[in-house]
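J.: Have a peek at model.cif (mmCIF, C-alpha atoms).
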```
data_query
#
loop_
_atom_site.label_atom_id
_atom_site.label_comp_id
_atom_site.auth_asym_id
_atom_site.auth_seq_id
_atom_site.Cartn_x
_atom_site.Cartn_y
_atom_site.Cartn_z
CA MET A 1 -14.27 3.60 97.33
CA LYS A 2 -12.46 3.31 100.63
CA PHE A 3 -11.11 6.49 102.17
CA GLY A 4 -8.33 6.86 104.70
CA ILE A 5 -8.11 10.12 106.64
CA ILE A 6 -4.70 10.88 108.09
CA VAL A 7 -4.84 12.45 111.55
CA PHE A 8 -1.86 14.49 112.67
CA PRO A 9 -1.61 16.07 116.10
CA GLY A 10 -3.37 19.37 115.45
CA SER A 11 -5.54 18.21 112.53
CA ASN A 12 -9.01 19.68 113.01
CA CYS A 13 -10.89 18.96 109.79
CA ASP A 14 -10.51 15.19 109.94
CA ARG A 15 -14.07 14.72 111.25
CA ASP A 16 -15.53 17.02 108.63
CA CYS A 17 -13.87 14.91 105.95
CA TYR A 18 -15.13 11.72 107.57
CA GLN A 19 -18.67 13.12 107.69
CA THR A 20 -18.52 14.03 104.01
CA VAL A 21 -17.15 10.79 102.63
CA HIS A 22 -18.93 8.48 105.06
CA ALA A 23 -22.29 10.05 105.91
CA VAL A 24 -22.88 12.06 102.73
CA GLN A 25 -21.14 9.97 100.08
CA ARG A 26 -21.88 6.68 101.91
CA GLN A 27 -18.37 5.33 101.49
CA PRO A 28 -16.31 3.32 103.95
CA ALA A 29 -13.78 5.54 105.72
CA THR A 30 -11.18 5.10 108.40
CA TYR A 31 -8.98 7.42 110.44
CA ILE A 32 -5.25 6.78 110.27
CA TRP A 33 -3.17 8.13 113.16
CA HIS A 34 0.09 9.71 112.04
CA LYS A 35 2.15 7.29 114.16
CA GLU A 36 0.94 4.29 112.17
CA THR A 37 3.61 2.71 110.02
CA LYS A 38 1.30 0.74 107.70
CA LEU A 39 -1.54 1.98 105.54
CA PRO A 40 -4.74 -0.03 105.56
CA LYS A 41 -6.08 -0.94 102.13
CA VAL A 42 -7.66 2.28 100.88
CA ASP A 43 -8.31 3.86 97.50
CA CYS A 44 -8.01 7.49 98.50
CA LEU A 45 -6.12 9.24 101.26
CA ILE A 46 -7.22 12.59 102.63
CA LEU A 47 -4.77 14.86 104.44
CA PRO A 48 -7.16 17.16 106.29
CA GLY A 49 -6.92 20.76 107.36
CA GLY A 50 -5.72 21.94 110.72
CA PHE A 51 -2.53 23.04 112.40
CA SER A 52 -0.37 19.94 112.47
CA TYR A 53 2.35 20.31 115.10
CA GLY A 54 1.12 23.81 115.81
CA ASP A 55 2.51 25.00 112.46
CA TYR A 56 5.90 25.08 114.19
CA LEU A 57 8.91 25.93 112.02
CA ARG A 58 6.77 26.07 108.82
CA THR A 59 3.27 24.78 108.12
CA GLY A 60 3.43 21.09 107.33
CA ALA A 61 7.20 20.90 107.84
CA ILE A 62 7.12 18.56 110.84
CA ALA A 63 4.05 16.55 109.80
CA ARG A 64 5.84 15.74 106.58
CA PHE A 65 8.19 13.55 108.62
CA SER A 66 5.47 11.75 110.59
CA PRO A 67 5.90 7.96 110.48
CA ILE A 68 2.81 7.45 108.28
CA MET A 69 4.26 9.77 105.61
CA LYS A 70 6.82 7.06 104.82
CA GLU A 71 3.82 5.08 103.54
CA VAL A 72 1.84 7.99 102.08
CA ILE A 73 4.66 9.03 99.75
CA PRO A 74 5.05 5.65 97.98
CA PHE A 75 1.23 5.28 97.89
CA ALA A 76 1.01 8.62 96.07
CA LYS A 77 3.94 7.89 93.79
CA LYS A 78 2.34 4.61 92.75
CA GLY A 79 -0.73 6.53 91.60
CA GLY A 80 -2.93 6.24 94.70
CA LEU A 81 -5.43 9.09 95.05
CA VAL A 82 -4.39 11.73 97.56
CA LEU A 83 -6.38 14.83 98.48
CA GLY A 84 -4.70 17.46 100.64
CA ILE A 85 -6.95 20.20 101.95
CA CYS A 86 -5.51 23.37 103.50
CA ASN A 87 -2.90 22.09 105.99
CA GLY A 88 -2.97 18.86 103.99
CA PHE A 89 -1.91 20.84 100.91
CA GLN A 90 0.91 22.40 102.92
CA VAL A 91 2.07 18.94 104.04
CA LEU A 92 2.02 17.69 100.42
CA THR A 93 4.23 20.54 99.22
CA GLU A 94 6.65 20.07 102.13
CA ALA A 95 6.79 16.36 101.29
CA GLY A 96 7.66 17.20 97.70
CA LEU A 97 4.55 15.46 96.35
CA LEU A 98 3.35 18.76 94.90
CA PRO A 99 5.59 21.57 93.66
CA GLY A 100 5.83 25.00 95.27
CA VAL A 101 5.16 26.20 98.78
CA LEU A 102 2.42 27.93 100.77
CA MET A 103 3.73 31.11 102.36
CA ARG A 104 2.23 33.48 104.90
CA ASN A 105 -0.80 35.39 103.54
CA SER A 106 0.39 38.64 102.02
CA ASN A 107 -1.73 40.70 104.44
CA LEU A 108 -0.25 38.70 107.35
CA GLN A 109 -3.74 37.86 108.59
CA PHE A 110 -5.64 34.66 109.09
CA ILE A 111 -8.45 34.77 106.54
CA CYS A 112 -11.74 32.99 107.15
CA LYS A 113 -14.41 33.60 104.54
CA THR A 114 -16.18 32.24 101.49
CA VAL A 115 -14.46 32.98 98.20
CA SER A 116 -15.25 32.52 94.51
CA LEU A 117 -13.17 29.93 92.71
CA LYS A 118 -12.75 29.22 89.08
CA VAL A 119 -12.52 25.50 88.35
CA GLU A 120 -9.82 25.70 85.71
CA ASN A 121 -9.60 22.02 84.89
CA THR A 122 -12.79 19.96 84.95
CA SER A 123 -11.22 16.82 83.56
CA THR A 124 -9.25 15.69 86.63
CA LEU A 125 -10.35 12.72 88.74
CA PHE A 126 -11.25 15.26 91.44
CA THR A 127 -13.21 17.74 89.36
CA LYS A 128 -14.98 15.90 86.53
CA ARG A 129 -18.36 16.52 88.03
CA TYR A 130 -17.83 20.26 87.78
CA ALA A 131 -17.82 20.02 84.00
CA PRO A 132 -20.74 22.01 82.61
CA SER A 133 -23.65 19.73 81.95
CA PRO A 134 -24.27 19.18 78.24
CA LEU A 135 -27.98 19.33 79.08
CA VAL A 136 -27.75 23.01 79.95
CA PRO A 137 -28.89 24.82 76.81
CA SER A 138 -26.20 27.05 75.41
CA ALA A 139 -26.83 30.12 73.33
CA PRO A 140 -27.95 29.28 69.81
CA PRO A 141 -25.47 30.22 67.08
CA VAL A 142 -25.84 33.66 65.58
CA PRO A 143 -26.94 33.31 61.91
CA LEU A 144 -24.55 34.75 59.35
CA GLY A 145 -25.15 38.38 58.56
CA HIS A 146 -26.78 39.13 61.93
CA PRO A 147 -25.24 41.53 64.40
CA PRO A 148 -23.35 39.85 67.23
CA ARG A 149 -25.43 38.95 70.24
CA GLN A 150 -25.59 41.37 73.11
CA ALA A 151 -23.45 40.32 76.02
CA GLY A 152 -25.32 39.10 79.06
CA ARG A 153 -28.34 37.64 77.31
CA PHE A 154 -27.11 34.10 77.68
CA PRO A 155 -24.88 32.94 80.54
CA SER A 156 -21.40 32.47 79.23
CA ARG A 157 -19.92 29.07 79.89
CA GLY A 158 -16.60 30.11 78.42
CA GLY A 159 -15.53 26.67 77.27
CA GLY A 160 -16.01 24.78 80.50
CA ARG A 161 -15.23 27.65 82.80
CA VAL A 162 -17.11 27.10 86.05
CA VAL A 163 -17.18 29.33 89.09
CA VAL A 164 -18.03 27.95 92.52
CA LYS A 165 -17.96 29.23 96.10
CA MET A 166 -15.99 27.60 98.88
CA PRO A 167 -14.80 28.69 102.30
CA ILE A 168 -11.14 29.34 103.04
CA ALA A 169 -9.63 29.47 106.53
CA HIS A 170 -5.88 29.85 106.62
CA GLY A 171 -2.94 32.00 107.57
CA ASP A 172 -0.53 30.48 105.07
CA GLY A 173 -2.21 30.09 101.70
CA ASN A 174 -0.02 32.30 99.59
CA TYR A 175 1.11 29.87 96.89
CA TYR A 176 4.56 30.42 95.46
CA ALA A 177 6.66 28.55 92.92
CA ASP A 178 9.53 29.63 90.71
CA ALA A 179 8.78 30.93 87.21
CA GLU A 180 9.70 27.68 85.51
CA THR A 181 7.43 25.62 87.77
CA LEU A 182 4.56 28.05 87.27
CA LYS A 183 4.96 27.83 83.52
CA ARG A 184 4.85 24.05 83.70
CA LEU A 185 1.78 24.06 85.97
CA GLU A 186 -0.10 26.38 83.64
CA GLY A 187 1.03 24.55 80.51
CA GLU A 188 0.05 21.10 81.74
CA GLY A 189 -3.35 22.17 83.08
CA GLN A 190 -2.23 21.47 86.63
CA VAL A 191 -3.81 24.62 88.05
CA VAL A 192 -7.20 23.23 89.04
CA PHE A 193 -8.64 26.01 91.21
CA ARG A 194 -7.98 29.72 90.94
CA TYR A 195 -9.37 32.55 93.06
CA GLU A 196 -11.90 34.46 91.01
CA GLY A 197 -12.00 38.21 91.45
CA GLU A 198 -10.16 39.19 94.60
CA ASN A 199 -6.99 37.25 95.37
CA PRO A 200 -7.36 36.82 99.15
CA ASN A 201 -3.84 35.80 100.14
CA GLY A 202 -1.40 37.05 97.51
CA SER A 203 -1.16 33.65 95.87
CA LEU A 204 0.92 33.50 92.68
CA ALA A 205 -1.39 33.66 89.63
CA SER A 206 -4.30 33.46 92.12
CA ILE A 207 -3.65 29.73 92.49
CA ALA A 208 -5.93 28.00 95.01
CA GLY A 209 -5.35 24.35 94.08
CA ILE A 210 -3.07 22.21 91.91
CA VAL A 211 -2.67 18.60 90.83
CA ASN A 212 0.53 16.73 90.14
CA LYS A 213 1.38 15.90 86.57
CA GLN A 214 -0.04 12.38 86.82
CA GLY A 215 -3.29 13.81 88.16
CA ASN A 216 -3.65 11.60 91.25
CA ILE A 217 -2.61 14.15 93.90
CA LEU A 218 -4.68 17.30 94.50
CA GLY A 219 -3.76 20.02 96.96
CA MET A 220 -6.10 22.92 97.63
CA MET A 221 -6.47 25.68 100.20
CA PRO A 222 -10.30 26.00 100.09
CA HIS A 223 -12.40 23.55 102.09
CA PRO A 224 -14.74 21.46 99.91
CA GLU A 225 -15.71 19.35 102.93
CA ARG A 226 -17.20 22.44 104.59
CA CYS A 227 -19.68 22.92 101.76
CA ALA A 228 -20.62 19.40 100.74
CA GLU A 229 -24.16 18.96 102.02
CA LYS A 230 -27.40 20.85 101.99
CA MET A 231 -27.47 21.68 105.69
CA PHE A 232 -24.34 23.84 105.26
CA GLY A 233 -26.16 26.18 102.90
CA ASN A 234 -23.61 25.63 100.17
CA GLU A 235 -23.03 22.39 98.32
CA ASP A 236 -20.35 23.49 95.89
CA GLY A 237 -17.77 21.16 97.44
CA ARG A 238 -19.95 18.11 97.04
CA LYS A 239 -19.06 17.52 93.40
CA LEU A 240 -15.41 17.09 94.27
CA PHE A 241 -16.19 14.05 96.39
CA GLU A 242 -18.74 12.83 93.86
CA SER A 243 -16.09 13.02 91.14
CA LEU A 244 -13.94 10.65 93.20
CA VAL A 245 -16.72 8.31 94.22
CA LYS A 246 -18.90 8.16 91.13
CA GLY A 247 -16.27 8.95 88.52
CA MET B 1 29.40 23.06 120.28
CA ILE B 2 26.59 25.29 119.16
CA ALA B 3 25.31 25.69 115.64
CA LYS B 4 23.75 29.07 114.94
CA VAL B 5 21.43 28.83 111.96
CA TYR B 6 19.96 31.87 110.22
CA ILE B 7 17.08 31.44 107.80
CA THR B 8 15.66 34.20 105.61
CA LEU B 9 13.39 34.43 102.61
CA LYS B 10 15.31 34.42 99.34
CA SER B 11 15.90 37.84 97.85
CA GLY B 12 13.29 37.50 95.09
CA VAL B 13 10.54 36.45 97.51
CA LEU B 14 8.31 39.15 98.94
CA ASP B 15 8.58 39.42 102.71
CA PRO B 16 5.40 41.17 103.91
CA GLN B 17 6.53 41.11 107.54
CA GLY B 18 9.80 42.76 106.59
CA LYS B 19 7.97 45.40 104.56
CA THR B 20 5.63 46.19 107.46
CA VAL B 21 8.53 46.59 109.86
CA GLN B 22 10.42 48.70 107.32
CA HIS B 23 7.47 51.07 107.05
CA ALA B 24 7.18 51.23 110.83
CA LEU B 25 10.87 52.13 111.13
CA GLU B 26 10.48 54.79 108.45
CA SER B 27 7.52 56.27 110.28
CA LEU B 28 9.78 56.51 113.35
CA ALA B 29 12.10 58.69 111.23
CA PHE B 30 14.78 56.05 110.68
CA ASN B 31 15.12 57.36 107.17
CA GLU B 32 18.30 55.44 106.47
CA VAL B 33 16.37 52.15 106.37
CA ARG B 34 16.52 50.69 102.86
CA ASP B 35 15.12 47.20 103.34
CA VAL B 36 14.11 44.83 106.13
CA ARG B 37 14.08 41.05 105.86
CA ILE B 38 12.69 38.98 108.70
CA GLY B 39 13.93 35.49 109.30
CA LYS B 40 14.44 32.78 111.87
CA TYR B 41 17.32 32.17 114.18
CA ILE B 42 17.85 28.63 115.44
CA GLU B 43 20.42 27.57 118.01
CA ILE B 44 21.35 23.91 118.10
CA ARG B 45 23.53 22.43 120.79
CA LEU B 46 25.65 19.65 119.35
CA ALA B 47 27.77 16.88 120.74
CA ASP B 48 31.42 17.75 120.26
CA ALA B 49 32.76 16.50 116.96
CA ASP B 50 35.16 17.42 114.23
CA GLN B 51 34.28 20.89 112.88
CA LYS B 52 34.09 19.67 109.27
CA VAL B 53 31.81 16.77 110.19
CA SER B 54 29.52 19.04 112.21
CA GLU B 55 29.29 21.52 109.37
CA LYS B 56 28.24 18.80 106.99
CA ARG B 57 25.61 17.56 109.43
CA VAL B 58 24.19 21.03 110.05
CA LYS B 59 23.97 21.65 106.32
CA GLU B 60 21.99 18.43 106.05
CA MET B 61 19.66 19.60 108.82
CA CYS B 62 19.03 22.84 106.95
CA GLU B 63 18.38 21.15 103.63
CA LYS B 64 16.15 18.45 105.06
CA LEU B 65 14.08 20.28 107.63
CA LEU B 66 15.11 23.70 108.89
CA ALA B 67 14.76 25.64 105.63
CA ASN B 68 12.43 25.23 102.68
CA THR B 69 14.88 25.98 99.91
CA VAL B 70 12.09 26.81 97.46
CA ILE B 71 11.72 30.16 99.21
CA GLU B 72 14.32 30.32 101.97
CA SER B 73 18.06 30.57 102.11
CA TYR B 74 20.14 29.70 105.14
CA ARG B 75 23.56 30.23 106.60
CA TYR B 76 25.12 28.90 109.75
CA GLU B 77 28.13 29.11 111.98
CA ILE B 78 29.43 26.61 114.47
CA VAL B 79 31.01 27.88 117.65
CA SER B 80 32.46 25.90 120.47
#
```
Would you mind giving the structure from this file in structure tokens?

T.:
Amino acid sequence: MKFGIIVFPGSNCDRDCYQTVHAVQRQPATYIWHKETKLPKVDCLILPGGFSYGDYLRTGAIARFSPIMKEVIPFAKKGGLVLGICNGFQVLTEAGLLPGVLMRNSNLQFICKTVSLKVENTSTLFTKRYAPSPLVPSAPPVPLGHPPRQAGRFPSRGGGRVVVKMPIAHGDGNYYADAETLKRLEGEGQVVFRYEGENPNGSLASIAGIVNKQGNILGMMPHPERCAEKMFGNEDGRKLFESLVKG
Amino acid sequence: MIAKVYITLKSGVLDPQGKTVQHALESLAFNEVRDVRIGKYIEIRLADADQKVSEKRVKEMCEKLLANTVIESYRYEIVS
């Protein structure tokens, strides 16, 4: 699978993404400068984190009009895979490729820490590998007439509910959409990642990541590329890239 | 001609900056303060043109770039 990583002025996670897809996942990858007007032949585009155009006016608002976006938008609309991480997510919402908007964190602070995330949908092209392994033994059924099992004896997998840890690092991650959009997102299984436990930034319904209805565009505030190999001490992001690469 | 554009968060959208400033004003005994909304003010110098045409163009600027109408509302005035 060939990856293209869009580089805006102010992108600062482009190299992390390159490292993950190229060195860890062993896939061909190429940087694409925002001034380019043609996309090379790629299977998946990554819009990396950073502070494109210094976050001037609104995060992602200027980057959304970069020359390369004229190519990214039709690529995405034709079903090409697009992954927007952090600032990349903000650019995707500004470009109208994903619904809603990322507002200033409710505590007005830049937050940089590792958070727990619930993977709400493990059947997307980006998250399949998070699906609980069928090889993991689940609790045996309770025979009829026996008292219900005590909670905590067997780990609950709650019907494919998986919790992972990933770092976040953003000042504007407070997801907002109108009530109708939220209802649609929830109803169609488009909420892919949700903050588990504490909601760090005030995000609506604790949303941390969403896909479009067709399932080929994912935007997320947490950084899977910062936890995708052993050396980082956390590999929870690795499966996202493996889902794309290995299917 | 100058276009003066004012952008604020829509009324239903929580404005944490505004709330913080409101509380600060209250703590300074400005007890009459009921609400504070913080926004952006943008001044755009325009080439002279027909007022109606300029208004249409500035509205386009707001819709396309200056405001994100999912959460923000805008208003503007054009002065010569």

J.: Decode the PyMOL selection byres ((chain A and resi 234) around 12) for the given file into explicit residues and return them as a tab-separated table (two decimals) with C-alpha atoms, keeping the file's coordinate frame.

T.:
```tsv
chain	number	residue	atom	x	y	z
A	114	THR	CA	-16.18	32.24	101.49
A	115	VAL	CA	-14.46	32.98	98.20
A	164	VAL	CA	-18.03	27.95	92.52
A	165	LYS	CA	-17.96	29.23	96.10
A	166	MET	CA	-15.99	27.60	98.88
A	167	PRO	CA	-14.80	28.69	102.30
A	223	HIS	CA	-12.40	23.55	102.09
A	224	PRO	CA	-14.74	21.46	99.91
A	225	GLU	CA	-15.71	19.35	102.93
A	226	ARG	CA	-17.20	22.44	104.59
A	227	CYS	CA	-19.68	22.92	101.76
A	228	ALA	CA	-20.62	19.40	100.74
A	229	GLU	CA	-24.16	18.96	102.02
A	230	LYS	CA	-27.40	20.85	101.99
A	231	MET	CA	-27.47	21.68	105.69
A	232	PHE	CA	-24.34	23.84	105.26
A	233	GLY	CA	-26.16	26.18	102.90
A	235	GLU	CA	-23.03	22.39	98.32
A	236	ASP	CA	-20.35	23.49	95.89
A	237	GLY	CA	-17.77	21.16	97.44
A	238	ARG	CA	-19.95	18.11	97.04
A	239	LYS	CA	-19.06	17.52	93.40
```

J.: Given a cut-off of 10 Å, which residues of chain A touch chain B, counting only C-alpha atoms, written out as a VMD selection string?

T.: chain A and resid 57 to 58 61 to 62 64 to 65 94 99 to 108 176 to 178

J.: Can you give me, as a list in words, the residues this file yields under the PyMOL selection byres ((chain A and resi 36) around 12)?

T.: Ile6, Val7, Phe8, Tyr31, Ile32, Trp33, His34, Lys35, Thr37, Lys38, Leu39, Pro40, Ser66, Pro67, Ile68, Met69, Lys70, Glu71 and Val72 of chain A

J.: Using the chain letters and residue numbers of this document, give as an MDAnalysis selection string the residues selected by the PyMOL selection byres ((chain A and resi 194) around 12).

T.: chainID A and resid 115:121 161:166 175 186 189:193 195:210 220:222

J.: Save out the residues we just selected, C-alpha atoms, as a PDB file, in the frame of the given file.

T.:
```pdb
ATOM      1  CA  VAL A 115     -14.460  32.980  98.200  1.00  0.00           C
ATOM      2  CA  SER A 116     -15.250  32.520  94.510  1.00  0.00           C
ATOM      3  CA  LEU A 117     -13.170  29.930  92.710  1.00  0.00           C
ATOM      4  CA  LYS A 118     -12.750  29.220  89.080  1.00  0.00           C
ATOM      5  CA  VAL A 119     -12.520  25.500  88.350  1.00  0.00           C
ATOM      6  CA  GLU A 120      -9.820  25.700  85.710  1.00  0.00           C
ATOM      7  CA  ASN A 121      -9.600  22.020  84.890  1.00  0.00           C
ATOM      8  CA  ARG A 161     -15.230  27.650  82.800  1.00  0.00           C
ATOM      9  CA  VAL A 162     -17.110  27.100  86.050  1.00  0.00           C
ATOM     10  CA  VAL A 163     -17.180  29.330  89.090  1.00  0.00           C
ATOM     11  CA  VAL A 164     -18.030  27.950  92.520  1.00  0.00           C
ATOM     12  CA  LYS A 165     -17.960  29.230  96.100  1.00  0.00           C
ATOM     13  CA  MET A 166     -15.990  27.600  98.880  1.00  0.00           C
ATOM     14  CA  TYR A 175       1.110  29.870  96.890  1.00  0.00           C
ATOM     15  CA  GLU A 186      -0.100  26.380  83.640  1.00  0.00           C
ATOM     16  CA  GLY A 189      -3.350  22.170  83.080  1.00  0.00           C
ATOM     17  CA  GLN A 190      -2.230  21.470  86.630  1.00  0.00           C
ATOM     18  CA  VAL A 191      -3.810  24.620  88.050  1.00  0.00           C
ATOM     19  CA  VAL A 192      -7.200  23.230  89.040  1.00  0.00           C
ATOM     20  CA  PHE A 193      -8.640  26.010  91.210  1.00  0.00           C
ATOM     21  CA  TYR A 195      -9.370  32.550  93.060  1.00  0.00           C
ATOM     22  CA  GLU A 196     -11.900  34.460  91.010  1.00  0.00           C
ATOM     23  CA  GLY A 197     -12.000  38.210  91.450  1.00  0.00           C
ATOM     24  CA  GLU A 198     -10.160  39.190  94.600  1.00  0.00           C
ATOM     25  CA  ASN A 199      -6.990  37.250  95.370  1.00  0.00           C
ATOM     26  CA  PRO A 200      -7.360  36.820  99.150  1.00  0.00           C
ATOM     27  CA  ASN A 201      -3.840  35.800 100.140  1.00  0.00           C
ATOM     28  CA  GLY A 202      -1.400  37.050  97.510  1.00  0.00           C
ATOM     29  CA  SER A 203      -1.160  33.650  95.870  1.00  0.00           C
ATOM     30  CA  LEU A 204       0.920  33.500  92.680  1.00  0.00           C
ATOM     31  CA  ALA A 205      -1.390  33.660  89.630  1.00  0.00           C
ATOM     32  CA  SER A 206      -4.300  33.460  92.120  1.00  0.00           C
ATOM     33  CA  ILE A 207      -3.650  29.730  92.490  1.00  0.00           C
ATOM     34  CA  ALA A 208      -5.930  28.000  95.010  1.00  0.00           C
ATOM     35  CA  GLY A 209      -5.350  24.350  94.080  1.00  0.00           C
ATOM     36  CA  ILE A 210      -3.070  22.210  91.910  1.00  0.00           C
ATOM     37  CA  MET A 220      -6.100  22.920  97.630  1.00  0.00           C
ATOM     38  CA  MET A 221      -6.470  25.680 100.200  1.00  0.00           C
ATOM     39  CA  PRO A 222     -10.300  26.000 100.090  1.00  0.00           C
TER      40      PRO A 222
END
```

J.: Have a look at CA of Gly18 (chain B) and CA of Ile38 (chain B) and let me know their distance in Å, one decimal.

T.: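 Interatomic distance here is 5.2 Å.
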
J.: Need to verify the contact set: Thr8 (chain B), 8 Å, all atoms listed in the file, exclusion of same-chain residues closer than 5 positions in sequence. Can you return it as a PyMOL selection string?

T.: chain B and resi 37-40+72-74

J.: Create the file for the chosen residues now, containing C-alpha atoms and written as a compact mmCIF listing (two decimals), in the coordinates of the input.

T.:
```
# COMPACT_ATOMS: atom_id res chain seq x y z
CA ARG B 37 14.08 41.05 105.86
CA ILE B 38 12.69 38.98 108.70
CA GLY B 39 13.93 35.49 109.30
CA LYS B 40 14.44 32.78 111.87
CA GLU B 72 14.32 30.32 101.97
CA SER B 73 18.06 30.57 102.11
CA TYR B 74 20.14 29.70 105.14
```

J.: Between CA of Leu46 (chain B) and CA of Tyr56 (chain A), measure the distance and give it in Å to one decimal.

T.: 21.1 Å

J.: Using Å and a single decimal, report how far CA of Leu182 (chain A) sits from CA of Tyr130 (chain A).

T.: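 Separation of CA of Tyr130 (chain A) and CA of Leu182 (chain A): 23.7 Å.
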
J.: Provide an axis-aligned box for all listed atoms of region 193-212 of chain A, padding each side by 6 Å; report its centre and its edge lengths in Å to one decimal, as JSON.

T.:
```
{"center_x": -5.5, "center_y": 28.0, "center_z": 94.9, "size_x": 24.9, "size_y": 34.5, "size_z": 22.5}
```

J.: Which one of A:Asp14, A:Lys77, A:Gln27, A:Gly4 sits closest to Lys41 (chain A) if you count only C-alpha atoms?

T.: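 Using only C-alpha atoms, Lys41 (chain A) sits closest to A:Gly4.
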
J.: Nearest to Val21 (chain A) among A:Met1, A:Ile85, A:Leu185, A:Leu125, with distances taken over only C-alpha atoms: which residue is it?

T.: A:Met1
